[in-house]
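K.L.:
As input, take upload_30.pdb (PDB, C-alpha atoms, pLDDT in the B column):
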ATOM      1  CA  MET A   1       0.000   0.000   0.000  1.00 44.00           C
ATOM      2  CA  ALA A   2       2.833   2.382   0.816  1.00 48.00           C
ATOM      3  CA  THR A   3       4.338   1.833  -2.628  1.00 49.00           C
ATOM      4  CA  GLY A   4       1.009   2.581  -4.298  1.00 51.00           C
ATOM      5  CA  ARG A   5       0.578   5.672  -2.172  1.00 56.00           C
ATOM      6  CA  SER A   6       4.055   6.990  -2.967  1.00 56.00           C
ATOM      7  CA  ALA A   7       3.578   6.271  -6.679  1.00 62.00           C
ATOM      8  CA  ALA A   8       0.278   8.150  -6.671  1.00 61.00           C
ATOM      9  CA  LEU A   9       1.939  11.146  -5.027  1.00 67.00           C
ATOM     10  CA  LYS A  10       4.774  11.181  -7.584  1.00 71.00           C
ATOM     11  CA  LEU A  11       2.412  11.061 -10.567  1.00 72.00           C
ATOM     12  CA  ASP A  12       2.669  14.226 -12.693  1.00 75.00           C
ATOM     13  CA  TRP A  13      -0.843  14.596 -14.134  1.00 73.00           C
ATOM     14  CA  ALA A  14      -0.017  17.567 -16.385  1.00 75.00           C
ATOM     15  CA  LYS A  15       2.929  15.747 -17.928  1.00 76.00           C
ATOM     16  CA  ILE A  16       0.783  12.710 -18.707  1.00 75.00           C
ATOM     17  CA  SER A  17      -1.734  14.629 -20.799  1.00 75.00           C
ATOM     18  CA  THR A  18       0.900  16.736 -22.601  1.00 77.00           C
ATOM     19  CA  SER A  19       3.387  13.936 -23.275  1.00 75.00           C
ATOM     20  CA  LEU A  20       0.694  11.615 -24.612  1.00 76.00           C
ATOM     21  CA  GLY A  21      -1.006  14.426 -26.499  1.00 76.00           C
ATOM     22  CA  LEU A  22      -4.395  13.577 -25.035  1.00 76.00           C
ATOM     23  CA  LYS A  23      -7.329  15.554 -26.353  1.00 79.00           C
ATOM     24  CA  GLY A  24     -11.087  15.523 -26.237  1.00 81.00           C
ATOM     25  CA  GLN A  25     -12.897  12.842 -24.316  1.00 82.00           C
ATOM     26  CA  THR A  26      -9.746  11.075 -23.143  1.00 80.00           C
ATOM     27  CA  ALA A  27      -8.285  14.246 -21.629  1.00 80.00           C
ATOM     28  CA  THR A  28     -11.623  15.076 -19.988  1.00 85.00           C
ATOM     29  CA  ALA A  29     -11.878  11.577 -18.508  1.00 83.00           C
ATOM     30  CA  LEU A  30      -8.304  11.817 -17.203  1.00 82.00           C
ATOM     31  CA  GLN A  31      -9.048  15.187 -15.557  1.00 85.00           C
ATOM     32  CA  ALA A  32     -12.200  13.762 -13.938  1.00 87.00           C
ATOM     33  CA  PHE A  33     -10.198  10.784 -12.651  1.00 85.00           C
ATOM     34  CA  LYS A  34      -7.534  13.154 -11.258  1.00 84.00           C
ATOM     35  CA  LYS A  35     -10.225  15.193  -9.475  1.00 88.00           C
ATOM     36  CA  ARG A  36     -11.702  12.042  -7.906  1.00 88.00           C
ATOM     37  CA  ASN A  37      -8.194  10.960  -6.870  1.00 84.00           C
ATOM     38  CA  ASP A  38      -7.464  14.341  -5.265  1.00 86.00           C
ATOM     39  CA  ASP A  39     -10.820  14.360  -3.470  1.00 89.00           C
ATOM     40  CA  ALA A  40     -10.282  10.845  -2.115  1.00 88.00           C
ATOM     41  CA  ARG A  41      -6.734  11.664  -0.982  1.00 86.00           C
ATOM     42  CA  ARG A  42      -7.949  14.856   0.739  1.00 89.00           C
ATOM     43  CA  HIS A  43     -10.756  12.937   2.479  1.00 89.00           C
ATOM     44  CA  VAL A  44      -8.360  10.201   3.696  1.00 87.00           C
ATOM     45  CA  ASN A  45      -5.939  12.824   5.043  1.00 86.00           C
ATOM     46  CA  GLN A  46      -8.789  14.606   6.805  1.00 86.00           C
ATOM     47  CA  LEU A  47      -9.976  11.370   8.436  1.00 84.00           C
ATOM     48  CA  GLN A  48      -6.445  10.399   9.480  1.00 82.00           C
ATOM     49  CA  SER A  49      -5.930  13.758  11.196  1.00 80.00           C
ATOM     50  CA  GLN A  50      -8.975  13.256  13.439  1.00 78.00           C
ATOM     51  CA  PRO A  51      -8.452  11.740  16.881  1.00 72.00           C
ATOM     52  CA  GLN A  52      -9.237   8.024  16.868  1.00 75.00           C
ATOM     53  CA  GLU A  53      -9.495   7.310  20.578  1.00 81.00           C
ATOM     54  CA  VAL A  54     -12.303   8.364  22.880  1.00 81.00           C
ATOM     55  CA  ASP A  55     -11.497   9.315  26.482  1.00 82.00           C
ATOM     56  CA  PHE A  56     -14.481   7.797  28.293  1.00 84.00           C
ATOM     57  CA  ALA A  57     -12.973   8.592  31.707  1.00 87.00           C
ATOM     58  CA  HIS A  58     -13.165  12.309  30.860  1.00 86.00           C
ATOM     59  CA  TYR A  59     -16.867  11.986  29.967  1.00 84.00           C
ATOM     60  CA  ARG A  60     -17.574   9.993  33.163  1.00 87.00           C
ATOM     61  CA  SER A  61     -16.023  12.751  35.275  1.00 88.00           C
ATOM     62  CA  THR A  62     -17.849  15.495  33.353  1.00 87.00           C
ATOM     63  CA  LEU A  63     -21.340  13.999  33.121  1.00 84.00           C
ATOM     64  CA  SER A  64     -23.484  13.153  36.098  1.00 86.00           C
ATOM     65  CA  ASN A  65     -25.220  10.250  34.340  1.00 86.00           C
ATOM     66  CA  THR A  66     -22.378   7.745  33.942  1.00 85.00           C
ATOM     67  CA  ALA A  67     -24.771   5.008  32.803  1.00 89.00           C
ATOM     68  CA  VAL A  68     -25.078   6.760  29.419  1.00 89.00           C
ATOM     69  CA  VAL A  69     -21.288   6.861  29.101  1.00 87.00           C
ATOM     70  CA  ASP A  70     -21.067   3.148  30.026  1.00 89.00           C
ATOM     71  CA  GLU A  71     -23.696   2.260  27.421  1.00 90.00           C
ATOM     72  CA  ILE A  72     -21.930   4.285  24.704  1.00 88.00           C
ATOM     73  CA  GLU A  73     -18.588   2.754  25.678  1.00 88.00           C
ATOM     74  CA  GLY A  74     -20.100  -0.731  25.380  1.00 90.00           C
ATOM     75  CA  HIS A  75     -21.420   0.076  21.894  1.00 88.00           C
ATOM     76  CA  PHE A  76     -18.077   1.605  20.939  1.00 86.00           C
ATOM     77  CA  LYS A  77     -16.111  -1.481  22.026  1.00 86.00           C
ATOM     78  CA  SER A  78     -18.528  -3.880  20.327  1.00 87.00           C
ATOM     79  CA  PHE A  79     -18.452  -1.910  17.068  1.00 85.00           C
ATOM     80  CA  LYS A  80     -17.001  -3.800  14.133  1.00 84.00           C
ATOM     81  CA  ALA A  81     -16.205  -1.974  10.936  1.00 79.00           C
ATOM     82  CA  LYS A  82     -18.425  -3.072   8.110  1.00 80.00           C
ATOM     83  CA  LYS A  83     -16.723  -4.751   5.190  1.00 82.00           C
ATOM     84  CA  VAL A  84     -17.351  -2.776   2.049  1.00 80.00           C
ATOM     85  CA  ASP A  85     -17.867  -4.611  -1.204  1.00 81.00           C
ATOM     86  CA  LEU A  86     -15.475  -3.013  -3.649  1.00 83.00           C
ATOM     87  CA  GLU A  87     -16.759  -5.032  -6.587  1.00 86.00           C
ATOM     88  CA  ARG A  88     -18.868  -2.152  -7.938  1.00 87.00           C
ATOM     89  CA  GLN A  89     -15.954   0.295  -7.778  1.00 86.00           C
ATOM     90  CA  MET A  90     -13.637  -2.239  -9.397  1.00 87.00           C
ATOM     91  CA  LYS A  91     -16.130  -2.779 -12.233  1.00 89.00           C
ATOM     92  CA  ALA A  92     -16.357   0.994 -12.757  1.00 88.00           C
ATOM     93  CA  ILE A  93     -12.557   1.256 -12.856  1.00 89.00           C
ATOM     94  CA  GLU A  94     -12.351  -1.647 -15.308  1.00 89.00           C
ATOM     95  CA  ALA A  95     -15.020  -0.049 -17.505  1.00 91.00           C
ATOM     96  CA  PHE A  96     -13.100   3.245 -17.441  1.00 90.00           C
ATOM     97  CA  GLU A  97      -9.880   1.403 -18.294  1.00 90.00           C
ATOM     98  CA  THR A  98     -11.579  -0.466 -21.147  1.00 90.00           C
ATOM     99  CA  GLN A  99     -12.982   2.782 -22.558  1.00 91.00           C
ATOM    100  CA  ALA A 100      -9.593   4.501 -22.211  1.00 89.00           C
ATOM    101  CA  VAL A 101      -7.819   1.643 -24.003  1.00 89.00           C
ATOM    102  CA  LYS A 102     -10.434   1.632 -26.757  1.00 91.00           C
ATOM    103  CA  SER A 103     -10.132   5.404 -27.187  1.00 90.00           C
ATOM    104  CA  ALA A 104      -6.332   5.171 -27.212  1.00 89.00           C
ATOM    105  CA  GLN A 105      -6.453   2.452 -29.879  1.00 91.00           C
ATOM    106  CA  GLU A 106      -8.773   4.563 -32.037  1.00 91.00           C
ATOM    107  CA  THR A 107      -6.429   7.519 -31.663  1.00 91.00           C
ATOM    108  CA  LYS A 108      -3.458   5.313 -32.497  1.00 91.00           C
ATOM    109  CA  GLY A 109      -5.226   4.069 -35.631  1.00 92.00           C
ATOM    110  CA  LYS A 110      -5.926   7.631 -36.769  1.00 92.00           C
ATOM    111  CA  VAL A 111      -2.359   8.724 -36.074  1.00 92.00           C
ATOM    112  CA  ASP A 112      -0.963   5.687 -37.901  1.00 93.00           C
ATOM    113  CA  GLY A 113      -3.151   6.485 -40.921  1.00 93.00           C
ATOM    114  CA  GLU A 114      -1.978  10.098 -40.933  1.00 93.00           C
ATOM    115  CA  LEU A 115       1.643   8.964 -40.649  1.00 94.00           C
ATOM    116  CA  ARG A 116       1.224   6.625 -43.628  1.00 94.00           C
ATOM    117  CA  ASP A 117      -0.268   9.474 -45.679  1.00 94.00           C
ATOM    118  CA  LEU A 118       2.547  11.818 -44.672  1.00 94.00           C
ATOM    119  CA  GLU A 119       5.193   9.209 -45.499  1.00 94.00           C
ATOM    120  CA  LYS A 120       3.600   8.664 -48.911  1.00 93.00           C
ATOM    121  CA  THR A 121       3.560  12.422 -49.529  1.00 91.00           C
ATOM    122  CA  LEU A 122       7.175  12.720 -48.423  1.00 92.00           C
ATOM    123  CA  ARG A 123       8.200   9.882 -50.760  1.00 91.00           C
ATOM    124  CA  ASN A 124       6.386  11.632 -53.631  1.00 86.00           C
ATOM    125  CA  ILE A 125       8.213  14.873 -52.863  1.00 86.00           C
ATOM    126  CA  GLU A 126      11.598  13.152 -52.619  1.00 87.00           C
ATOM    127  CA  GLU A 127      11.087  11.149 -55.824  1.00 85.00           C
ATOM    128  CA  ALA A 128       9.699  14.055 -57.850  1.00 82.00           C
ATOM    129  CA  ARG A 129      11.810  15.446 -60.633  1.00 81.00           C
ATOM    130  CA  PRO A 130      13.004  19.028 -60.315  1.00 82.00           C
ATOM    131  CA  PHE A 131      10.685  21.618 -61.816  1.00 78.00           C
ATOM    132  CA  GLU A 132      13.357  22.668 -64.294  1.00 82.00           C
ATOM    133  CA  ASP A 133      13.411  19.162 -65.808  1.00 83.00           C
ATOM    134  CA  LEU A 134       9.678  19.060 -66.554  1.00 83.00           C
ATOM    135  CA  THR A 135       8.380  19.614 -70.066  1.00 86.00           C
ATOM    136  CA  VAL A 136       5.316  21.678 -70.992  1.00 84.00           C
ATOM    137  CA  ASP A 137       3.457  18.518 -72.021  1.00 86.00           C
ATOM    138  CA  GLU A 138       4.146  16.881 -68.624  1.00 85.00           C
ATOM    139  CA  VAL A 139       2.907  19.970 -66.746  1.00 84.00           C
ATOM    140  CA  ALA A 140      -0.211  20.116 -68.937  1.00 85.00           C
ATOM    141  CA  ALA A 141      -0.857  16.399 -68.309  1.00 87.00           C
ATOM    142  CA  ALA A 142      -0.449  16.838 -64.564  1.00 85.00           C
ATOM    143  CA  ARG A 143      -2.508  20.035 -64.366  1.00 87.00           C
ATOM    144  CA  PRO A 144      -5.049  20.211 -67.215  1.00 90.00           C
ATOM    145  CA  ASP A 145      -6.499  23.399 -65.713  1.00 91.00           C
ATOM    146  CA  ILE A 146      -3.307  25.274 -66.690  1.00 86.00           C
ATOM    147  CA  ASP A 147      -3.683  24.173 -70.301  1.00 85.00           C
ATOM    148  CA  GLU A 148      -7.356  25.205 -70.274  1.00 87.00           C
ATOM    149  CA  ARG A 149      -6.497  28.643 -68.862  1.00 85.00           C
ATOM    150  CA  VAL A 150      -3.821  29.217 -71.515  1.00 84.00           C
ATOM    151  CA  THR A 151      -6.278  28.191 -74.259  1.00 85.00           C
ATOM    152  CA  GLN A 152      -8.863  30.585 -72.820  1.00 85.00           C
ATOM    153  CA  LEU A 153      -6.402  33.505 -72.703  1.00 81.00           C
ATOM    154  CA  VAL A 154      -5.175  32.845 -76.288  1.00 81.00           C
ATOM    155  CA  SER A 155      -8.772  32.647 -77.575  1.00 83.00           C
ATOM    156  CA  LYS A 156      -9.422  36.119 -76.107  1.00 81.00           C
ATOM    157  CA  GLY A 157      -6.300  37.471 -77.771  1.00 74.00           C
ATOM    158  CA  ARG A 158      -4.313  37.845 -74.584  1.00 71.00           C
ATOM    159  CA  TRP A 159      -0.754  36.740 -75.032  1.00 70.00           C
ATOM    160  CA  GLN A 160       0.566  37.880 -71.688  1.00 73.00           C
ATOM    161  CA  VAL A 161      -0.003  36.208 -68.350  1.00 72.00           C
ATOM    162  CA  PRO A 162      -1.719  38.547 -65.875  1.00 73.00           C
ATOM    163  CA  GLY A 163       0.700  39.747 -63.186  1.00 78.00           C
ATOM    164  CA  TYR A 164       3.809  38.583 -65.029  1.00 78.00           C
ATOM    165  CA  LYS A 165       5.236  42.066 -65.637  1.00 78.00           C
ATOM    166  CA  GLU A 166       4.581  43.093 -62.031  1.00 80.00           C
ATOM    167  CA  LYS A 167       6.349  40.043 -60.720  1.00 80.00           C
ATOM    168  CA  PHE A 168       9.237  39.646 -63.192  1.00 78.00           C
ATOM    169  CA  GLY A 169       9.475  43.050 -64.860  1.00 76.00           C
ATOM    170  CA  ASP A 170       9.347  43.992 -68.519  1.00 73.00           C
ATOM    171  CA  LEU A 171      12.011  42.194 -70.540  1.00 66.00           C
ATOM    172  CA  SER A 172      10.967  43.707 -73.883  1.00 66.00           C
ATOM    173  CA  VAL A 173      13.844  46.197 -73.696  1.00 60.00           C
ATOM    174  CA  LEU A 174      16.351  43.396 -74.080  1.00 55.00           C
TER     175      LEU A 174
END
As structure tokens, please, write out the structure in this file.
P.N.:
Amino acid sequence: MATGRSAALKLDWAKISTSLGLKGQTATALQAFKKRNDDARRHVNQLQSQPQEVDFAHYRSTLSNTAVVDEIEGHFKSFKAKKVDLERQMKAIEAFETQAVKSAQETKGKVDGELRDLEKTLRNIEEARPFEDLTVDEVAAARPDIDERVTQLVSKGRWQVPGYKEKFGDLSVL
């Protein structure tokens, strides 16, 4: 128990959510669990700080009716702590754990899919030929909209690309 208690005290809740990149429902569930943990720890500390022994001799000397004190002392000594069935709490914890694992697996699946897409994109970028090596026909095949735009401009009698002079200057002097 002492090891569990010391491990719970050393747990850095903020680091868990940031290092794992938890978001949405998983992060909310973790925060709710942390709040319940803090509340339970605070309640245990409060109960442990309360005095646990009753001084019946003091009450006998203070009260005139010692029979009441004797009766209460008899009940106190015969009191047995009730065993609490933790099965319900354990089932709730297991359900939470199952949901957390399921959510983590879904997140992992999404992240893996995104990584595969990014790796494919990176491979395409690395394997692509330099722009200078491409021919006009290859660019037109890859982007038919460029060919359509050029055809449209030529049909209207425009031989210059809009914005070209502003960007590159007028080379007609040469």
K.L.:
Write out as a tab-separated table the residues of range 98-122 of chain A that have any atom within 12 Å of an atom of range 7-21 of chain A, one row each with the nearest atom pair and its distance in Å to one decimal, counting all atoms listed in the file, sorted by chain and then rising number.
P.N.:
residue	atom	partner	partner_atom	distance
A:Ala104	CA	A:Leu20	CA	9.9
A:Thr107	CA	A:Gly21	CA	10.2
A:Lys108	CA	A:Leu20	CA	10.9
A:Val111	CA	A:Gly21	CA	11.2
K.L.:
With C-alpha atoms kept, could you save the residues just selected as a PDB file, in the frame of the given file?
P.N.:
ATOM      1  CA  ALA A 104      -6.332   5.171 -27.212  1.00 89.00           C
ATOM      2  CA  THR A 107      -6.429   7.519 -31.663  1.00 91.00           C
ATOM      3  CA  LYS A 108      -3.458   5.313 -32.497  1.00 91.00           C
ATOM      4  CA  VAL A 111      -2.359   8.724 -36.074  1.00 92.00           C
TER       5      VAL A 111
END
K.L.:
Mind giving me the straight-line distance from CA of Met90 in chain A to CA of Ser49 in chain A in Å, one decimal?
P.N.:
27.2 Å
K.L.:
One number please: CA of Ala27 in chain A to CA of Arg88 in chain A, in Å, one decimal.
P.N.:
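According to the coordinates, CA of Ala27 in chain A and CA of Arg88 in chain A are separated by 23.8 Å.
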K.L.:
What's around Glu97 in chain A at 12 Å? Count only C-alpha atoms, leave out sequence neighbours fewer than 6 positions away in its own chain, and write the answer as a PyMOL selection string.
P.N.:
chain A and resi 26+29-30+33+90-91+103-104
K.L.:
So how far away is CA of Arg149 in chain A from CA of Asn124 in chain A, in Å?
P.N.:
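Value for the CA of Asn124 in chain A-CA of Arg149 in chain A distance: 26.2 Å.
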K.L.:
What are the centre and the three edge lengths of an axis-aligned box that wraps all atoms of range 12-18 of chain A in the file, given that 5 Å is added to every side, written as JSON and rounded to one decimal in Å?
P.N.:
{"center_x": 0.6, "center_y": 15.1, "center_z": -17.6, "size_x": 14.7, "size_y": 14.9, "size_z": 19.9}
K.L.:
Could you give me range 116-127 of chain A completed to all heavy atoms, formatted as a PDB file, in the coordinates of the input?
P.N.:
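Final output, saved to part-v1.pdb:
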ATOM      1  N   ARG A 116       1.066   7.289 -42.326  1.00 94.00           N
ATOM      2  CA  ARG A 116       1.224   6.625 -43.628  1.00 94.00           C
ATOM      3  C   ARG A 116       1.015   7.623 -44.770  1.00 94.00           C
ATOM      4  O   ARG A 116       1.777   7.631 -45.741  1.00 94.00           O
ATOM      5  CB  ARG A 116       0.243   5.456 -43.756  1.00 94.00           C
ATOM      6  CG  ARG A 116       0.683   4.206 -43.019  1.00 94.00           C
ATOM      7  CD  ARG A 116      -0.182   3.013 -43.382  1.00 94.00           C
ATOM      8  NE  ARG A 116      -1.583   3.188 -43.040  1.00 94.00           N
ATOM      9  CZ  ARG A 116      -2.102   2.912 -41.851  1.00 94.00           C
ATOM     10  NH1 ARG A 116      -1.342   2.454 -40.889  1.00 94.00           N
ATOM     11  NH2 ARG A 116      -3.384   3.103 -41.623  1.00 94.00           N
ATOM     12  N   ASP A 117      -0.015   8.468 -44.644  1.00 94.00           N
ATOM     13  CA  ASP A 117      -0.268   9.474 -45.679  1.00 94.00           C
ATOM     14  C   ASP A 117       0.899  10.451 -45.791  1.00 94.00           C
ATOM     15  O   ASP A 117       1.320  10.803 -46.903  1.00 94.00           O
ATOM     16  CB  ASP A 117      -1.551  10.248 -45.385  1.00 94.00           C
ATOM     17  CG  ASP A 117      -2.798   9.405 -45.565  1.00 94.00           C
ATOM     18  OD1 ASP A 117      -2.693   8.324 -46.192  1.00 94.00           O
ATOM     19  OD2 ASP A 117      -3.870   9.812 -45.079  1.00 94.00           O
ATOM     20  N   LEU A 118       1.426  10.875 -44.656  1.00 94.00           N
ATOM     21  CA  LEU A 118       2.547  11.818 -44.672  1.00 94.00           C
ATOM     22  C   LEU A 118       3.804  11.180 -45.256  1.00 94.00           C
ATOM     23  O   LEU A 118       4.559  11.830 -45.998  1.00 94.00           O
ATOM     24  CB  LEU A 118       2.818  12.349 -43.263  1.00 94.00           C
ATOM     25  CG  LEU A 118       1.769  13.316 -42.714  1.00 94.00           C
ATOM     26  CD1 LEU A 118       2.056  13.622 -41.245  1.00 94.00           C
ATOM     27  CD2 LEU A 118       1.727  14.593 -43.528  1.00 94.00           C
ATOM     28  N   GLU A 119       4.037   9.906 -44.931  1.00 94.00           N
ATOM     29  CA  GLU A 119       5.193   9.209 -45.499  1.00 94.00           C
ATOM     30  C   GLU A 119       5.054   9.063 -47.008  1.00 94.00           C
ATOM     31  O   GLU A 119       6.026   9.233 -47.752  1.00 94.00           O
ATOM     32  CB  GLU A 119       5.365   7.844 -44.838  1.00 94.00           C
ATOM     33  CG  GLU A 119       5.894   7.915 -43.417  1.00 94.00           C
ATOM     34  CD  GLU A 119       5.882   6.566 -42.714  1.00 94.00           C
ATOM     35  OE1 GLU A 119       5.391   5.570 -43.307  1.00 94.00           O
ATOM     36  OE2 GLU A 119       6.360   6.509 -41.574  1.00 94.00           O
ATOM     37  N   LYS A 120       3.848   8.778 -47.467  1.00 93.00           N
ATOM     38  CA  LYS A 120       3.600   8.664 -48.911  1.00 93.00           C
ATOM     39  C   LYS A 120       3.846  10.015 -49.589  1.00 93.00           C
ATOM     40  O   LYS A 120       4.492  10.074 -50.642  1.00 93.00           O
ATOM     41  CB  LYS A 120       2.159   8.202 -49.141  1.00 93.00           C
ATOM     42  CG  LYS A 120       1.801   8.014 -50.584  1.00 93.00           C
ATOM     43  CD  LYS A 120       0.366   7.553 -50.715  1.00 93.00           C
ATOM     44  CE  LYS A 120      -0.056   7.491 -52.176  1.00 93.00           C
ATOM     45  NZ  LYS A 120      -1.475   7.157 -52.306  1.00 93.00           N
ATOM     46  N   THR A 121       3.353  11.085 -48.980  1.00 91.00           N
ATOM     47  CA  THR A 121       3.560  12.422 -49.529  1.00 91.00           C
ATOM     48  C   THR A 121       5.045  12.769 -49.548  1.00 91.00           C
ATOM     49  O   THR A 121       5.551  13.327 -50.535  1.00 91.00           O
ATOM     50  CB  THR A 121       2.784  13.467 -48.699  1.00 91.00           C
ATOM     51  OG1 THR A 121       1.406  13.103 -48.686  1.00 91.00           O
ATOM     52  CG2 THR A 121       2.945  14.858 -49.264  1.00 91.00           C
ATOM     53  N   LEU A 122       5.742  12.440 -48.493  1.00 92.00           N
ATOM     54  CA  LEU A 122       7.175  12.720 -48.423  1.00 92.00           C
ATOM     55  C   LEU A 122       7.927  11.940 -49.506  1.00 92.00           C
ATOM     56  O   LEU A 122       8.818  12.497 -50.161  1.00 92.00           O
ATOM     57  CB  LEU A 122       7.723  12.359 -47.032  1.00 92.00           C
ATOM     58  CG  LEU A 122       9.192  12.646 -46.793  1.00 92.00           C
ATOM     59  CD1 LEU A 122       9.473  14.137 -46.947  1.00 92.00           C
ATOM     60  CD2 LEU A 122       9.605  12.177 -45.416  1.00 92.00           C
ATOM     61  N   ARG A 123       7.569  10.670 -49.700  1.00 91.00           N
ATOM     62  CA  ARG A 123       8.200   9.882 -50.760  1.00 91.00           C
ATOM     63  C   ARG A 123       7.946  10.506 -52.126  1.00 91.00           C
ATOM     64  O   ARG A 123       8.844  10.585 -52.963  1.00 91.00           O
ATOM     65  CB  ARG A 123       7.677   8.442 -50.740  1.00 91.00           C
ATOM     66  CG  ARG A 123       8.652   7.484 -50.092  1.00 91.00           C
ATOM     67  CD  ARG A 123       8.224   6.037 -50.211  1.00 91.00           C
ATOM     68  NE  ARG A 123       7.273   5.763 -49.127  1.00 91.00           N
ATOM     69  CZ  ARG A 123       5.991   5.435 -49.287  1.00 91.00           C
ATOM     70  NH1 ARG A 123       5.477   5.309 -50.474  1.00 91.00           N
ATOM     71  NH2 ARG A 123       5.217   5.230 -48.250  1.00 91.00           N
ATOM     72  N   ASN A 124       6.709  10.980 -52.359  1.00 86.00           N
ATOM     73  CA  ASN A 124       6.386  11.632 -53.631  1.00 86.00           C
ATOM     74  C   ASN A 124       7.233  12.882 -53.828  1.00 86.00           C
ATOM     75  O   ASN A 124       7.712  13.145 -54.936  1.00 86.00           O
ATOM     76  CB  ASN A 124       4.908  11.998 -53.700  1.00 86.00           C
ATOM     77  CG  ASN A 124       4.029  10.800 -53.958  1.00 86.00           C
ATOM     78  OD1 ASN A 124       4.509   9.755 -54.391  1.00 86.00           O
ATOM     79  ND2 ASN A 124       2.745  10.934 -53.683  1.00 86.00           N
ATOM     80  N   ILE A 125       7.410  13.651 -52.770  1.00 86.00           N
ATOM     81  CA  ILE A 125       8.213  14.873 -52.863  1.00 86.00           C
ATOM     82  C   ILE A 125       9.668  14.530 -53.150  1.00 86.00           C
ATOM     83  O   ILE A 125      10.321  15.153 -53.988  1.00 86.00           O
ATOM     84  CB  ILE A 125       8.078  15.702 -51.570  1.00 86.00           C
ATOM     85  CG1 ILE A 125       6.677  16.284 -51.467  1.00 86.00           C
ATOM     86  CG2 ILE A 125       9.122  16.813 -51.514  1.00 86.00           C
ATOM     87  CD1 ILE A 125       6.361  16.925 -50.127  1.00 86.00           C
ATOM     88  N   GLU A 126      10.195  13.529 -52.438  1.00 87.00           N
ATOM     89  CA  GLU A 126      11.598  13.152 -52.619  1.00 87.00           C
ATOM     90  C   GLU A 126      11.862  12.554 -53.995  1.00 87.00           C
ATOM     91  O   GLU A 126      12.932  12.744 -54.573  1.00 87.00           O
ATOM     92  CB  GLU A 126      12.019  12.152 -51.530  1.00 87.00           C
ATOM     93  CG  GLU A 126      12.123  12.768 -50.163  1.00 87.00           C
ATOM     94  CD  GLU A 126      12.356  11.737 -49.074  1.00 87.00           C
ATOM     95  OE1 GLU A 126      12.183  10.511 -49.333  1.00 87.00           O
ATOM     96  OE2 GLU A 126      12.712  12.143 -47.956  1.00 87.00           O
ATOM     97  N   GLU A 127      10.897  11.814 -54.541  1.00 85.00           N
ATOM     98  CA  GLU A 127      11.087  11.149 -55.824  1.00 85.00           C
ATOM     99  C   GLU A 127      10.724  12.032 -57.016  1.00 85.00           C
ATOM    100  O   GLU A 127      10.990  11.655 -58.160  1.00 85.00           O
ATOM    101  CB  GLU A 127      10.255   9.870 -55.868  1.00 85.00           C
ATOM    102  CG  GLU A 127      10.722   8.820 -54.875  1.00 85.00           C
ATOM    103  CD  GLU A 127       9.764   7.637 -54.787  1.00 85.00           C
ATOM    104  OE1 GLU A 127       8.727   7.643 -55.485  1.00 85.00           O
ATOM    105  OE2 GLU A 127      10.063   6.714 -54.008  1.00 85.00           O
TER     106      GLU A 127
END
